Structure formats: C-alpha cells, structure tokens
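This is data_34.cif. It holds mmCIF, C-alpha atoms and all ligand atoms.
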```cif
data_run
#
loop_
_atom_site.label_atom_id
_atom_site.label_comp_id
_atom_site.auth_asym_id
_atom_site.auth_seq_id
_atom_site.Cartn_x
_atom_site.Cartn_y
_atom_site.Cartn_z
CA MET A 1 -15.74 151.57 28.35
CA LEU A 2 -18.81 150.05 29.95
CA ILE A 3 -18.42 148.02 33.13
CA LEU A 4 -21.31 145.57 33.45
CA THR A 5 -22.27 143.10 36.16
CA CYS A 6 -24.02 139.97 34.93
CA PRO A 7 -27.01 139.43 37.22
CA VAL A 8 -26.98 135.70 36.44
CA CYS A 9 -23.42 134.72 37.41
CA GLY A 10 -22.43 137.83 39.36
CA VAL A 11 -19.31 138.53 37.30
CA THR A 12 -18.31 142.16 36.78
CA SER A 13 -16.33 142.83 33.64
CA GLU A 14 -15.88 145.33 30.88
CA GLU A 15 -18.01 145.22 27.76
CA THR A 16 -15.70 143.01 25.68
CA GLU A 17 -16.72 139.98 27.77
CA PHE A 18 -20.34 140.69 26.77
CA HIS A 19 -22.25 141.23 23.56
CA ALA A 20 -24.82 143.96 23.02
CA GLY A 21 -28.25 142.69 22.03
CA GLY A 22 -30.04 145.91 21.09
CA GLU A 23 -32.92 147.81 22.61
CA ALA A 24 -34.77 146.27 25.55
CA HIS A 25 -38.44 145.58 26.16
CA LEU A 26 -39.63 145.44 22.56
CA THR A 27 -43.11 144.05 21.99
CA ARG A 28 -43.17 141.67 19.08
CA VAL A 29 -45.58 142.48 16.28
CA GLY A 30 -46.67 139.29 14.55
CA PRO A 31 -48.71 138.49 11.44
CA ALA A 32 -51.77 140.13 12.99
CA GLY A 33 -50.11 143.56 13.06
CA ASP A 34 -50.47 146.03 10.22
CA GLU A 35 -47.60 147.03 7.99
CA GLU A 36 -46.69 150.18 9.86
CA ALA A 37 -46.66 148.49 13.26
CA PHE A 38 -44.56 145.66 11.88
CA GLY A 39 -42.14 148.12 10.29
CA ASP A 40 -41.82 149.98 13.59
CA TYR A 41 -41.19 146.74 15.44
CA LEU A 42 -38.43 145.82 13.03
CA PHE A 43 -36.71 149.14 12.47
CA THR A 44 -37.80 152.01 14.72
CA ARG A 45 -35.56 152.37 17.74
CA GLU A 46 -34.99 154.87 20.49
CA ASN A 47 -31.77 156.79 20.09
CA PRO A 48 -31.62 158.69 23.35
CA ARG A 49 -28.96 160.96 24.74
CA GLY A 50 -29.10 159.78 28.35
CA VAL A 51 -31.10 157.01 29.98
CA HIS A 52 -31.36 153.87 27.86
CA PHE A 53 -32.37 150.24 28.32
CA GLU A 54 -30.66 147.44 26.46
CA ARG A 55 -30.36 143.69 26.20
CA TRP A 56 -26.91 142.17 26.71
CA ARG A 57 -25.54 138.67 26.62
CA HIS A 58 -22.67 137.35 28.77
CA VAL A 59 -21.20 135.74 25.71
CA TYR A 60 -17.73 134.83 27.03
CA GLY A 61 -19.04 133.97 30.50
CA CYS A 62 -22.15 132.14 31.63
CA GLY A 63 -23.77 132.67 28.21
CA LYS A 64 -26.99 134.14 29.61
CA TRP A 65 -29.03 137.14 28.47
CA PHE A 66 -29.86 140.03 30.81
CA HIS A 67 -30.99 143.66 30.76
CA ALA A 68 -28.95 146.78 31.46
CA ALA A 69 -30.02 150.35 32.24
CA ARG A 70 -27.37 152.89 31.39
CA CYS A 71 -26.62 156.44 30.30
CA THR A 72 -25.52 156.77 26.68
CA THR A 73 -23.58 159.99 27.30
CA THR A 74 -21.60 159.08 30.44
CA LEU A 75 -21.62 155.26 30.14
CA GLU A 76 -22.79 155.14 33.75
CA VAL A 77 -24.59 151.87 34.38
CA PHE A 78 -27.63 152.32 36.64
CA GLY A 79 -28.10 148.61 37.03
CA THR A 80 -28.53 145.24 35.37
CA TYR A 81 -31.50 142.94 35.82
CA SER A 82 -33.11 139.69 34.73
CA ALA A 83 -33.96 139.00 31.10
CA GLN A 84 -37.22 137.44 32.22
CA THR A 85 -39.19 140.68 32.52
CA THR A 86 -41.07 142.99 30.16
CA GLU A 87 -40.22 146.17 32.03
CA PRO A 88 -37.47 147.63 34.23
CA PRO A 89 -37.89 146.71 37.92
CA GLN A 90 -38.95 149.50 40.29
CA ALA A 91 -35.62 149.46 42.13
CA ILE A 92 -33.78 150.24 38.88
CA ARG A 93 -36.25 153.00 38.00
CA ASP A 94 -35.86 154.53 41.47
CA ARG A 95 -32.09 154.53 41.15
CA ILE A 96 -32.31 156.28 37.78
CA SER A 97 -34.74 158.85 39.22
CA GLN A 98 -32.22 159.70 41.92
CA LYS A 99 -29.52 160.38 39.35
CA ARG A 100 -31.56 161.66 36.38
CA PRO A 101 -34.71 163.27 37.86
CA GLY A 102 -37.53 163.52 35.34
CA TRP A 103 -36.17 160.87 32.97
CA ILE A 104 -38.51 159.39 30.41
CA TRP A 105 -37.85 156.41 28.11
CA ARG A 106 -40.67 155.20 25.88
CA ASP A 107 -43.58 154.56 28.27
CA PHE A 108 -41.34 154.28 31.33
CA ALA A 109 -40.45 157.05 33.75
CA MET B 110 -8.53 101.97 20.53
CA SER B 111 -6.31 104.74 19.25
CA GLU B 112 -4.00 106.63 21.58
CA PRO B 113 -5.36 110.07 22.56
CA VAL B 114 -2.97 112.91 21.79
CA THR B 115 -3.02 116.58 22.71
CA ALA B 116 -3.28 119.39 20.15
CA LEU B 117 0.31 120.61 20.56
CA GLY B 118 2.09 117.45 21.70
CA GLY B 119 2.81 118.90 25.13
CA ALA B 120 4.35 122.21 24.04
CA VAL B 121 6.29 124.10 26.72
CA PHE B 122 7.56 127.68 26.98
CA GLU B 123 10.01 128.14 29.84
CA THR B 124 12.09 131.19 29.03
CA GLY B 125 9.68 133.93 30.10
CA ILE B 126 8.24 135.40 33.28
CA ALA B 127 6.08 132.29 33.73
CA THR B 128 6.07 128.76 32.35
CA VAL B 129 3.36 128.06 29.79
CA ARG B 130 2.64 124.40 29.21
CA GLU B 131 0.13 122.31 27.35
CA GLU B 132 -1.04 119.73 29.87
CA PRO B 133 -1.59 116.03 29.07
CA VAL B 134 -5.02 114.90 27.89
CA GLN B 135 -7.68 115.79 30.42
CA GLY B 136 -11.08 114.19 30.88
CA MET B 137 -13.92 116.72 30.74
CA ILE B 138 -17.63 116.03 30.98
CA THR B 139 -20.20 118.75 30.44
CA LEU B 140 -23.34 118.43 32.52
CA ARG B 141 -26.29 120.65 31.67
CA GLY B 142 -29.42 120.71 33.77
CA ASP B 143 -31.08 122.58 36.59
CA LEU B 144 -28.39 122.81 39.25
CA GLU B 145 -31.07 123.27 41.92
CA ASP B 146 -32.54 119.87 41.01
CA SER B 147 -31.60 117.40 43.76
CA ALA B 148 -31.17 114.49 41.32
CA VAL B 149 -28.79 116.56 39.16
CA ARG B 150 -26.80 117.63 42.21
CA ALA B 151 -26.59 114.11 43.60
CA ALA B 152 -25.48 112.72 40.23
CA ALA B 153 -22.74 115.35 39.88
CA ILE B 154 -21.50 114.77 43.40
CA GLY B 155 -21.65 111.01 42.99
CA ALA B 156 -19.72 110.93 39.73
CA SER B 157 -17.02 113.35 40.87
CA GLY B 158 -16.65 112.71 44.58
CA ALA B 159 -16.42 116.50 44.89
CA GLU B 160 -18.81 118.84 46.66
CA MET B 161 -21.35 120.86 44.71
CA PRO B 162 -19.56 124.09 43.67
CA ASP B 163 -21.08 127.46 44.50
CA ARG B 164 -21.53 130.09 41.78
CA GLY B 165 -18.15 130.97 40.25
CA THR B 166 -16.15 128.29 42.04
CA ILE B 167 -14.53 124.88 41.53
CA THR B 168 -14.45 122.03 44.02
CA THR B 169 -12.00 119.16 44.03
CA SER B 170 -11.95 115.60 45.31
CA GLU B 171 -8.95 113.30 45.26
CA ASP B 172 -8.90 112.85 41.47
CA ALA B 173 -11.80 114.88 40.04
CA SER B 174 -13.20 118.42 40.08
CA LEU B 175 -16.54 120.10 39.56
CA ALA B 176 -16.53 123.57 37.99
CA TRP B 177 -19.51 125.94 37.99
CA MET B 178 -20.01 127.11 34.39
CA SER B 179 -23.46 128.75 34.57
CA PRO B 180 -26.72 128.28 36.50
CA ASP B 181 -27.44 125.25 34.31
CA GLU B 182 -23.99 123.89 33.54
CA LEU B 183 -21.19 122.12 35.38
CA MET B 184 -17.94 120.72 34.10
CA LEU B 185 -16.58 117.52 35.60
CA LEU B 186 -12.81 117.14 35.27
CA CYS B 187 -11.26 113.70 35.76
CA PRO B 188 -8.44 111.54 34.39
CA HIS B 189 -8.96 111.03 30.65
CA GLY B 190 -9.25 107.24 30.91
CA GLU B 191 -11.95 107.43 33.57
CA VAL B 192 -14.41 109.39 31.45
CA PRO B 193 -16.52 106.46 30.13
CA GLU B 194 -16.96 104.99 33.60
CA ARG B 195 -17.73 108.32 35.27
CA LEU B 196 -20.06 109.35 32.47
CA ALA B 197 -21.98 106.09 32.89
CA ARG B 198 -22.21 106.72 36.64
CA LEU B 199 -23.42 110.26 35.93
CA GLN B 200 -26.09 109.07 33.47
CA GLU B 201 -27.25 106.46 35.94
CA GLY B 202 -27.50 109.04 38.72
CA LEU B 203 -29.42 111.47 36.49
CA GLY B 204 -32.09 108.90 35.75
CA ASP B 205 -35.16 110.67 34.39
CA ALA B 206 -33.96 114.16 35.33
CA HIS B 207 -34.07 116.67 32.45
CA ALA B 208 -30.32 116.92 31.93
CA LEU B 209 -27.56 116.27 29.43
CA ALA B 210 -24.11 114.81 30.11
CA VAL B 211 -21.55 114.66 27.31
CA ASN B 212 -17.89 113.73 27.02
CA VAL B 213 -16.19 116.88 25.67
CA SER B 214 -12.61 115.85 26.49
CA ASP B 215 -11.48 115.83 22.87
CA ALA B 216 -13.17 119.17 22.10
CA ARG B 217 -11.12 121.03 24.70
CA ALA B 218 -7.53 121.54 25.72
CA LEU B 219 -5.88 122.23 29.05
CA LEU B 220 -2.89 124.51 29.53
CA SER B 221 -1.10 125.78 32.60
CA VAL B 222 0.64 129.04 33.45
CA VAL B 223 2.99 128.65 36.40
CA GLY B 224 5.19 130.99 38.38
CA PRO B 225 5.10 133.99 40.71
CA LYS B 226 4.27 136.25 37.72
CA ALA B 227 1.51 134.02 36.35
CA ARG B 228 -1.10 136.60 37.39
CA ASP B 229 0.59 139.22 35.19
CA VAL B 230 0.33 136.92 32.17
CA LEU B 231 -3.39 136.22 32.57
CA ALA B 232 -4.18 139.83 33.45
CA LYS B 233 -2.76 141.03 30.12
CA LEU B 234 -5.18 138.87 28.19
CA CYS B 235 -8.42 138.79 30.17
CA PRO B 236 -10.86 141.47 31.41
CA VAL B 237 -10.68 140.00 34.91
CA ASP B 238 -9.54 141.53 38.19
CA LEU B 239 -6.61 139.19 38.88
CA SER B 240 -5.19 141.05 41.89
CA PRO B 241 -4.21 138.60 44.65
CA GLY B 242 -7.13 139.69 46.81
CA ALA B 243 -9.74 139.46 44.07
CA PHE B 244 -9.03 136.17 42.29
CA THR B 245 -7.99 133.32 44.54
CA PRO B 246 -7.62 129.54 44.49
CA GLY B 247 -11.05 127.93 44.52
CA MET B 248 -12.58 130.44 42.11
CA PHE B 249 -13.47 129.50 38.54
CA ARG B 250 -13.86 132.07 35.79
CA ARG B 251 -15.09 131.87 32.21
CA THR B 252 -13.99 134.86 30.20
CA ARG B 253 -12.41 136.20 27.06
CA MET B 254 -8.71 135.50 26.50
CA ALA B 255 -7.46 137.87 23.80
CA GLN B 256 -9.87 136.97 20.96
CA VAL B 257 -11.29 133.64 22.14
CA GLY B 258 -13.28 132.21 25.01
CA ALA B 259 -11.44 130.48 27.85
CA ALA B 260 -11.90 129.43 31.45
CA PHE B 261 -9.39 129.22 34.27
CA TRP B 262 -8.87 128.51 37.92
CA MET B 263 -5.93 128.43 40.34
CA PRO B 264 -5.03 125.07 41.89
CA THR B 265 -2.38 126.95 43.91
CA GLU B 266 -1.39 130.59 44.46
CA GLU B 267 1.15 130.47 41.58
CA THR B 268 -0.60 128.17 39.13
CA PHE B 269 -3.36 128.76 36.59
CA ARG B 270 -5.08 126.00 34.68
CA VAL B 271 -6.62 127.29 31.44
CA VAL B 272 -9.28 125.47 29.44
CA CYS B 273 -9.89 126.42 25.81
CA PHE B 274 -11.35 124.87 22.68
CA ARG B 275 -9.00 122.33 21.16
CA SER B 276 -9.07 124.03 17.75
CA GLN B 277 -7.81 127.22 19.42
CA THR B 278 -5.04 125.66 21.50
CA GLN B 279 -2.21 126.95 19.30
CA TYR B 280 -3.64 130.47 19.42
CA VAL B 281 -4.07 130.37 23.21
CA PHE B 282 -0.59 128.94 23.72
CA ASP B 283 0.85 131.65 21.48
CA VAL B 284 -0.88 134.59 23.17
CA LEU B 285 0.08 133.22 26.59
CA THR B 286 3.66 132.89 25.39
CA VAL B 287 3.74 136.47 24.10
CA ALA B 288 2.20 137.74 27.34
CA ALA B 289 4.84 135.80 29.28
CA GLN B 290 7.87 136.97 27.35
CA LYS B 291 10.98 137.83 29.28
CA GLY B 292 11.11 141.25 30.92
CA SER B 293 7.41 141.87 30.42
CA ASP B 294 6.20 141.63 34.00
CA VAL B 295 3.97 144.55 34.87
CA GLY B 296 4.88 144.79 38.55
CA ILE B 297 1.65 146.27 39.86
CA TRP B 298 1.25 143.54 42.46
CA PRO B 299 3.83 142.68 45.09
CA ASP B 300 5.99 139.70 44.14
CA PRO B 301 4.91 136.81 46.40
CA THR B 302 8.51 135.61 46.46
CA GLY B 303 9.72 139.02 47.66
CA GLY B 304 11.90 139.50 44.57
CA GLY B 305 11.75 142.27 41.96
ZN ZN A 401 -22.94 135.81 33.46
#
```

Exercise: express the given structure as structure tokens:
Amino acid sequence: MLILTCPVCGVTSEETEFHAGGEAHLTRVGPAGDEEAFGDYLFTRENPRGVHFERWRHVYGCGKWFHAARCTTTLEVFGTYSAQTTEPPQAIRDRISQKRPGWIWRDFA
Amino acid sequence: MSEPVTALGGAVFETGIATVREEPVQGMITLRGDLEDSAVRAAAIGASGAEMPDRGTITTSEDASLAWMSPDELMLLCPHGEVPERLARLQEGLGDAHALAVNVSDARALLSVVGPKARDVLAKLCPVDLSPGAFTPGMFRRTRMAQVGAAFWMPTEETFRVVCFRSQTQYVFDVLTVAAQKGSDVGIWPDPTGGG
C-alpha cells in the first residue's frame, strides 16, 4: 500500500485517504492540435515499470491536488510536491537519481 | 421557529469498550477564504474568540472553537443558537474580503467516543496514526472513517469528537458501535488507567 504525504496539509496517510488522478504533467492539446496529437493527449499514457509521476488528490483530507513521484514496482514514494508546477522540482529529481541512477520518464531525467 | 433535532435523537451506545454518543445539535460555520489574509483572520478570531489555529489544529475559547480544515477553510464551532449572531459578526468582519461564510450546522452531525479505549475505536476505522504520542489533544484531523469522510479532535486525552455529514450519521454511529463492541480492544497501546 502506498503511504503518501500531502504537501498542502502535511498529513501522512495511506492511499485510501487519497484519490489517484492519473499521469502528471500532461500538456493539454486544444482545438488547434491535429487529430493524432489530440488522440495522444487523451489516451496515450506512460506505463512504466519503475519511476512514475502522478497527480493525486487528498480527497478525504484537505481536498487539495498535488503531485507524487513514486516507483510502480516497489511502491516507494520518492516525494510529493505542489500541483502548481509543470515539471518535477529539482530536489525530487535529485532524490530519484540517488535511488534509481539513469532514470528517464518522458522528457525528464 | 421549529425546534432543531439531531439525526439520531441522541443515540447512545454504552456497553462496549468506549461510549459512543450522538451529541446535541452543534453550531458549525464554514469559512472559506485565504487564511493568510489579515481581514479573514481577524474576522475568524473576532467571531470565535479563539486564536487562529495552525495547520492541522483546533483552538478553543470559552464557548467556541476554530478548526483548520485546509489552507483556505476554517470551521467555527459554537452553540447552535448563537450561529446567526456569530455569522453576522463574521460577515461584518470579512467586509470586502474574498471569502465565504455559511451556516452548515444542519448539514453535519457531531458524535463523541469516550473512554480509555477510545483510541482503539478510532484507529480501527481511520488511516491515522492514533498512538498517544502521535495524535494529541489540540490536533484536528480530516480523514476517512470506514467508507465516509469525517473529522475529529480530542477535547481531552480520553475523548474524541467526530464530525460527519448528517445524512451519514447512522452509518458513522453504527461503525463506531461495531468498532467499540465489548472485548474488541486491540491492546497495542498502554492503558492510560493502568488496567488490562
Ligand atoms: Zn492534504
């Protein structure tokens, strides 16, 4: 079971107090995008074995959205961070690099 | 005006490892706004008489409390009959601040779990570290209780006050009662009374 810490209210709890919100850091493709780009935006997702970035919501707590970096095989959580960002903060990336040297996720490494 | 009544008519369960009770009607006012805004803070303090609560805590004055719900939400608890007057005072204090204050007293219910084993009861239902060193009087926690949302705090070392939605009061009372049934104490924490 995942143990997450909400960066907004500071509460640490297991995943049933939260709700998963899917893959993090998606760039929205609007009406200007072509069909393929729009299809990718809607349906194409990473499905990694290892480092992954997700959106979560503290649904039974403060109600706020945040981001989580975790490992899909061990359920180790590398860190959680603000929802108000388009990419993982450097401190989170550094922590992942210490534990999973050479990791790559989409355009991030 | 009609007489306010509670959802369960003051139901009580006293034959288990802790006493579960539906408390009398409780005044509750939700205040949403930027809690760093000085006008919002002053209005909350003025209407409650309590200090501004830190993240995850509840503060209490003589007859009212302020609970921290999220970075943009407080809950003011006061006697049920005082809600209109305190709400008016709150609105007046907020002035032009971008904030919302609403009487939610009749949308919620208040229950209590009392006794030296009260921690065991809550710990069975909520994903919260309820060990005596981790959750203490003065803290306020919103969480999941079995299958519904709830919030609680400890007025004293052996008392929990639980807030839930009024429509879910029967469910919350029932799961608390099951978790408090006789002989079901878990015994992982030392009994504060020194007993077994
Ligand atoms: Zn939270």

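For the residues B:Ser276, B:Thr265, B:Thr124, B:Thr166, ranking by smallest atom-to-atom distance to chain A using all atoms listed in the file places B:Thr166 first.
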
query: Quick one: residues within 9 Å of ligand ZN 401 (chain A), with all atoms listed in the file, as a list of chain:residue names?
result: A:Thr5, A:Cys6, A:Pro7, A:Val8, A:Cys9, A:Gly10, A:Val11, A:Thr12, A:Phe18, A:Arg57, A:His58, A:Val59, A:Tyr60, A:Gly61, A:Cys62, A:Gly63, A:Lys64, A:Trp65, A:Phe66, B:Ser179, B:Pro180, B:Arg251

Each residue of chain B lying at most 12 Å from chain A should get a row with its shortest atom-to-atom pair and the distance in Å to one decimal, counting all atoms listed in the file; could you produce that, ordered by chain and increasing number, as CSV?
```
residue,atom,partner,partner_atom,distance
B:Asp163,CA,A:Cys9,CA,10.4
B:Arg164,CA,A:Cys9,CA,6.6
B:Gly165,CA,A:Cys9,CA,7.1
B:Thr166,CA,A:Cys9,CA,10.8
B:Trp177,CA,A:Cys62,CA,9.3
B:Met178,CA,A:Cys62,CA,6.1
B:Ser179,CA,A:Cys62,CA,4.7
B:Pro180,CA,A:Cys9,CA,7.3
B:Asp181,CA,A:Cys62,CA,9.1
B:Glu182,CA,A:Cys62,CA,8.7
B:Leu183,CA,A:Cys62,CA,10.7
B:Leu234,CA,A:Thr16,CA,11.6
B:Cys235,CA,A:Glu17,CA,8.7
B:Pro236,CA,A:Ser13,CA,6.1
B:Val237,CA,A:Ser13,CA,6.4
B:Asp238,CA,A:Ser13,CA,8.3
B:Leu239,CA,A:Ser13,CA,11.6
B:Ala243,CA,A:Thr12,CA,11.6
B:Phe244,CA,A:Val11,CA,11.7
B:Met248,CA,A:Val11,CA,11.6
B:Phe249,CA,A:Gly61,CA,10.8
B:Arg250,CA,A:Gly61,CA,7.6
B:Arg251,CA,A:Gly61,CA,4.8
B:Thr252,CA,A:Tyr60,CA,4.9
B:Arg253,CA,A:Tyr60,CA,5.5
B:Met254,CA,A:Tyr60,CA,9.1
B:Ala255,CA,A:Thr16,CA,9.9
B:Gln256,CA,A:Thr16,CA,9.6
B:Val257,CA,A:Tyr60,CA,8.2
B:Gly258,CA,A:Tyr60,CA,5.5
B:Ala259,CA,A:Tyr60,CA,7.7
B:Ala260,CA,A:Gly61,CA,8.5
B:Phe261,CA,A:Gly61,CA,11.4
B:Cys273,CA,A:Tyr60,CA,11.6
```

- request: Name all residues at most 7 Å from B:Val149 (count all atoms listed in the file; drop same-chain ones fewer than 4 positions away) and give them as an NGL selection string.
  value: :B and (142-144 or 153 or 203 or 206)

- prompt: Which is closest to B:Trp298 among B:Val271, B:Val222, B:Ala232, B:Ala120, if we use all atoms listed in the file?
  reply: B:Ala232

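Between atom CA of B:Ser221 and atom CA of B:Pro162 lies a distance of 21.6 Å.
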
field: Distance query B:Ser293 at most 10 Å, all atoms listed in the file, self and fewer than 5 positions along chain excluded, as a ChimeraX atom specification
entry: /B:125-126,226,229-230,287-288

Nearest residue to B:Gln135 from the set B:Gly296, B:Gly118, B:Gly155, B:Pro113 (distances using all atoms listed in the file): B:Pro113

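For the set B:Val192, B:Ala227, B:Met137, B:Leu199, the residue with the smallest atom-to-atom gap to B:Val213 is B:Met137, counting only C-alpha atoms.
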
- prompt: Which residue gives the smallest distance to A:Arg106 among A:Arg55, A:Glu87, A:Gly21, A:Arg28, with all atoms listed in the file counted?
  reply: A:Glu87

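Put simply, atom CA of B:Gly136 is 4.9 Å away from atom CA of B:Ser214.
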
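Closest approach to B:Arg228 from the set B:Thr168, B:Thr139, B:Ser157, B:Thr245 is made by B:Thr245, with distances taken over only C-alpha atoms.
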
Shell of 12 Å around B:Arg195, all atoms listed in the file, local chain residues under 4 positions omitted, as an MDAnalysis selection string: chainID B and resid 136:140 152:158 172:173 185:191 199:202 210:212

Need the shell around A:Val51: protein/DNA/RNA residues with any atom at most 7 Å away, counting all atoms listed in the file. Skip same-chain ones fewer than 2 positions apart. Format as a PDB file with C-alpha atoms, in the frame of the given file?
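The result, stored in selection-v9.pdb:
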```pdb
ATOM      1  CA  PRO A  48     -31.620 158.690  23.350  1.00  0.00           C
ATOM      2  CA  ARG A  49     -28.960 160.960  24.740  1.00  0.00           C
ATOM      3  CA  ARG A  70     -27.370 152.890  31.390  1.00  0.00           C
ATOM      4  CA  CYS A  71     -26.620 156.440  30.300  1.00  0.00           C
ATOM      5  CA  THR A  72     -25.520 156.770  26.680  1.00  0.00           C
TER       6      THR A  72
END
```

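Pairwise distance (atom CA of B:Asp283, atom CA of B:Glu267) equals 20.1 Å.
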
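Near A:Lys99, within a cut-off of 9 Å and counting all atoms listed in the file, sit the residues Phe78, Asp94 and Arg95 of chain A, with same-chain residues fewer than 4 positions away left out.
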
Six-sided padding of 6 Å per side, axis-aligned box over stretch 255-269 of chain B, centre and edges in Å, one decimal, as lines of an AutoDock Vina configuration file:
```
center_x = -6.1
center_y = 131.5
center_z = 32.7
size_x = 26.4
size_y = 24.8
size_z = 35.5
```

Save stretch 144-172 of chain B of the structure in the block above to a file, with N, CA and C atoms included, as an mmCIF file, in the first residue's frame.
```cif
data_model
loop_
_atom_site.group_PDB
_atom_site.id
_atom_site.type_symbol
_atom_site.label_atom_id
_atom_site.label_comp_id
_atom_site.auth_asym_id
_atom_site.auth_seq_id
_atom_site.Cartn_x
_atom_site.Cartn_y
_atom_site.Cartn_z
ATOM 1 N N LEU B 144 -6.501 32.090 4.241
ATOM 2 C CA LEU B 144 -6.251 32.171 5.676
ATOM 3 C C LEU B 144 -5.019 33.019 6.016
ATOM 4 N N GLU B 145 -4.299 33.465 4.990
ATOM 5 C CA GLU B 145 -3.184 34.386 5.233
ATOM 6 C C GLU B 145 -3.668 35.838 5.185
ATOM 7 N N ASP B 146 -4.895 36.033 4.688
ATOM 8 C CA ASP B 146 -5.465 37.378 4.561
ATOM 9 C C ASP B 146 -5.791 37.916 5.963
ATOM 10 N N SER B 147 -5.274 39.107 6.278
ATOM 11 C CA SER B 147 -5.428 39.609 7.648
ATOM 12 C C SER B 147 -6.894 39.888 7.985
ATOM 13 N N ALA B 148 -7.688 40.311 7.012
ATOM 14 C CA ALA B 148 -9.111 40.565 7.279
ATOM 15 C C ALA B 148 -9.835 39.256 7.594
ATOM 16 N N VAL B 149 -9.504 38.190 6.868
ATOM 17 C CA VAL B 149 -10.122 36.884 7.103
ATOM 18 C C VAL B 149 -9.749 36.367 8.486
ATOM 19 N N ARG B 150 -8.480 36.513 8.827
ATOM 20 C CA ARG B 150 -8.010 36.055 10.142
ATOM 21 C C ARG B 150 -8.699 36.830 11.266
ATOM 22 N N ALA B 151 -8.739 38.136 11.106
ATOM 23 C CA ALA B 151 -9.331 38.975 12.154
ATOM 24 C C ALA B 151 -10.815 38.656 12.324
ATOM 25 N N ALA B 152 -11.515 38.413 11.207
ATOM 26 C CA ALA B 152 -12.944 38.093 11.279
ATOM 27 C C ALA B 152 -13.167 36.769 12.006
ATOM 28 N N ALA B 153 -12.326 35.777 11.695
ATOM 29 C CA ALA B 153 -12.460 34.459 12.322
ATOM 30 C C ALA B 153 -12.186 34.538 13.819
ATOM 31 N N ILE B 154 -11.156 35.273 14.158
ATOM 32 C CA ILE B 154 -10.802 35.425 15.574
ATOM 33 C C ILE B 154 -11.894 36.203 16.305
ATOM 34 N N GLY B 155 -12.391 37.243 15.651
ATOM 35 C CA GLY B 155 -13.411 38.081 16.271
ATOM 36 C C GLY B 155 -14.718 37.339 16.514
ATOM 37 N N ALA B 156 -15.109 36.501 15.572
ATOM 38 C CA ALA B 156 -16.395 35.811 15.691
ATOM 39 C C ALA B 156 -16.330 34.615 16.628
ATOM 40 N N SER B 157 -15.131 34.093 16.861
ATOM 41 C CA SER B 157 -14.996 32.891 17.688
ATOM 42 C C SER B 157 -14.431 33.179 19.075
ATOM 43 N N GLY B 158 -13.655 34.239 19.175
ATOM 44 C CA GLY B 158 -12.950 34.490 20.434
ATOM 45 C C GLY B 158 -11.759 33.558 20.615
ATOM 46 N N ALA B 159 -11.534 32.682 19.645
ATOM 47 C CA ALA B 159 -10.416 31.733 19.721
ATOM 48 C C ALA B 159 -9.241 32.258 18.896
ATOM 49 N N GLU B 160 -8.065 31.717 19.188
ATOM 50 C CA GLU B 160 -6.888 32.095 18.406
ATOM 51 C C GLU B 160 -6.952 31.453 17.025
ATOM 52 N N MET B 161 -6.184 31.997 16.095
ATOM 53 C CA MET B 161 -6.099 31.422 14.755
ATOM 54 C C MET B 161 -5.389 30.063 14.860
ATOM 55 N N PRO B 162 -6.032 28.978 14.395
ATOM 56 C CA PRO B 162 -5.393 27.662 14.511
ATOM 57 C C PRO B 162 -4.279 27.478 13.479
ATOM 58 N N ASP B 163 -3.220 26.809 13.900
ATOM 59 C CA ASP B 163 -2.170 26.427 12.953
ATOM 60 C C ASP B 163 -2.681 25.262 12.105
ATOM 61 N N ARG B 164 -1.923 24.939 11.055
ATOM 62 C CA ARG B 164 -2.243 23.806 10.190
ATOM 63 C C ARG B 164 -2.486 22.541 11.024
ATOM 64 N N GLY B 165 -3.632 21.903 10.801
ATOM 65 C CA GLY B 165 -3.916 20.626 11.465
ATOM 66 C C GLY B 165 -4.286 20.719 12.930
ATOM 67 N N THR B 166 -4.724 21.896 13.375
ATOM 68 C CA THR B 166 -5.050 22.029 14.798
ATOM 69 C C THR B 166 -6.421 22.672 14.991
ATOM 70 N N ILE B 167 -6.864 22.692 16.258
ATOM 71 C CA ILE B 167 -8.105 23.352 16.640
ATOM 72 C C ILE B 167 -7.830 24.195 17.881
ATOM 73 N N THR B 168 -8.366 25.393 17.889
ATOM 74 C CA THR B 168 -8.212 26.268 19.054
ATOM 75 C C THR B 168 -9.581 26.502 19.670
ATOM 76 N N THR B 169 -9.585 26.791 20.950
ATOM 77 C CA THR B 169 -10.852 26.897 21.670
ATOM 78 C C THR B 169 -10.875 28.132 22.556
ATOM 79 N N SER B 170 -12.011 28.822 22.540
ATOM 80 C CA SER B 170 -12.232 29.899 23.504
ATOM 81 C C SER B 170 -13.222 29.361 24.527
ATOM 82 N N GLU B 171 -13.834 30.229 25.279
ATOM 83 C CA GLU B 171 -14.748 29.772 26.324
ATOM 84 C C GLU B 171 -15.894 28.931 25.750
ATOM 85 N N ASP B 172 -16.496 29.398 24.650
ATOM 86 C CA ASP B 172 -17.678 28.690 24.142
ATOM 87 C C ASP B 172 -17.652 28.492 22.623
#
```
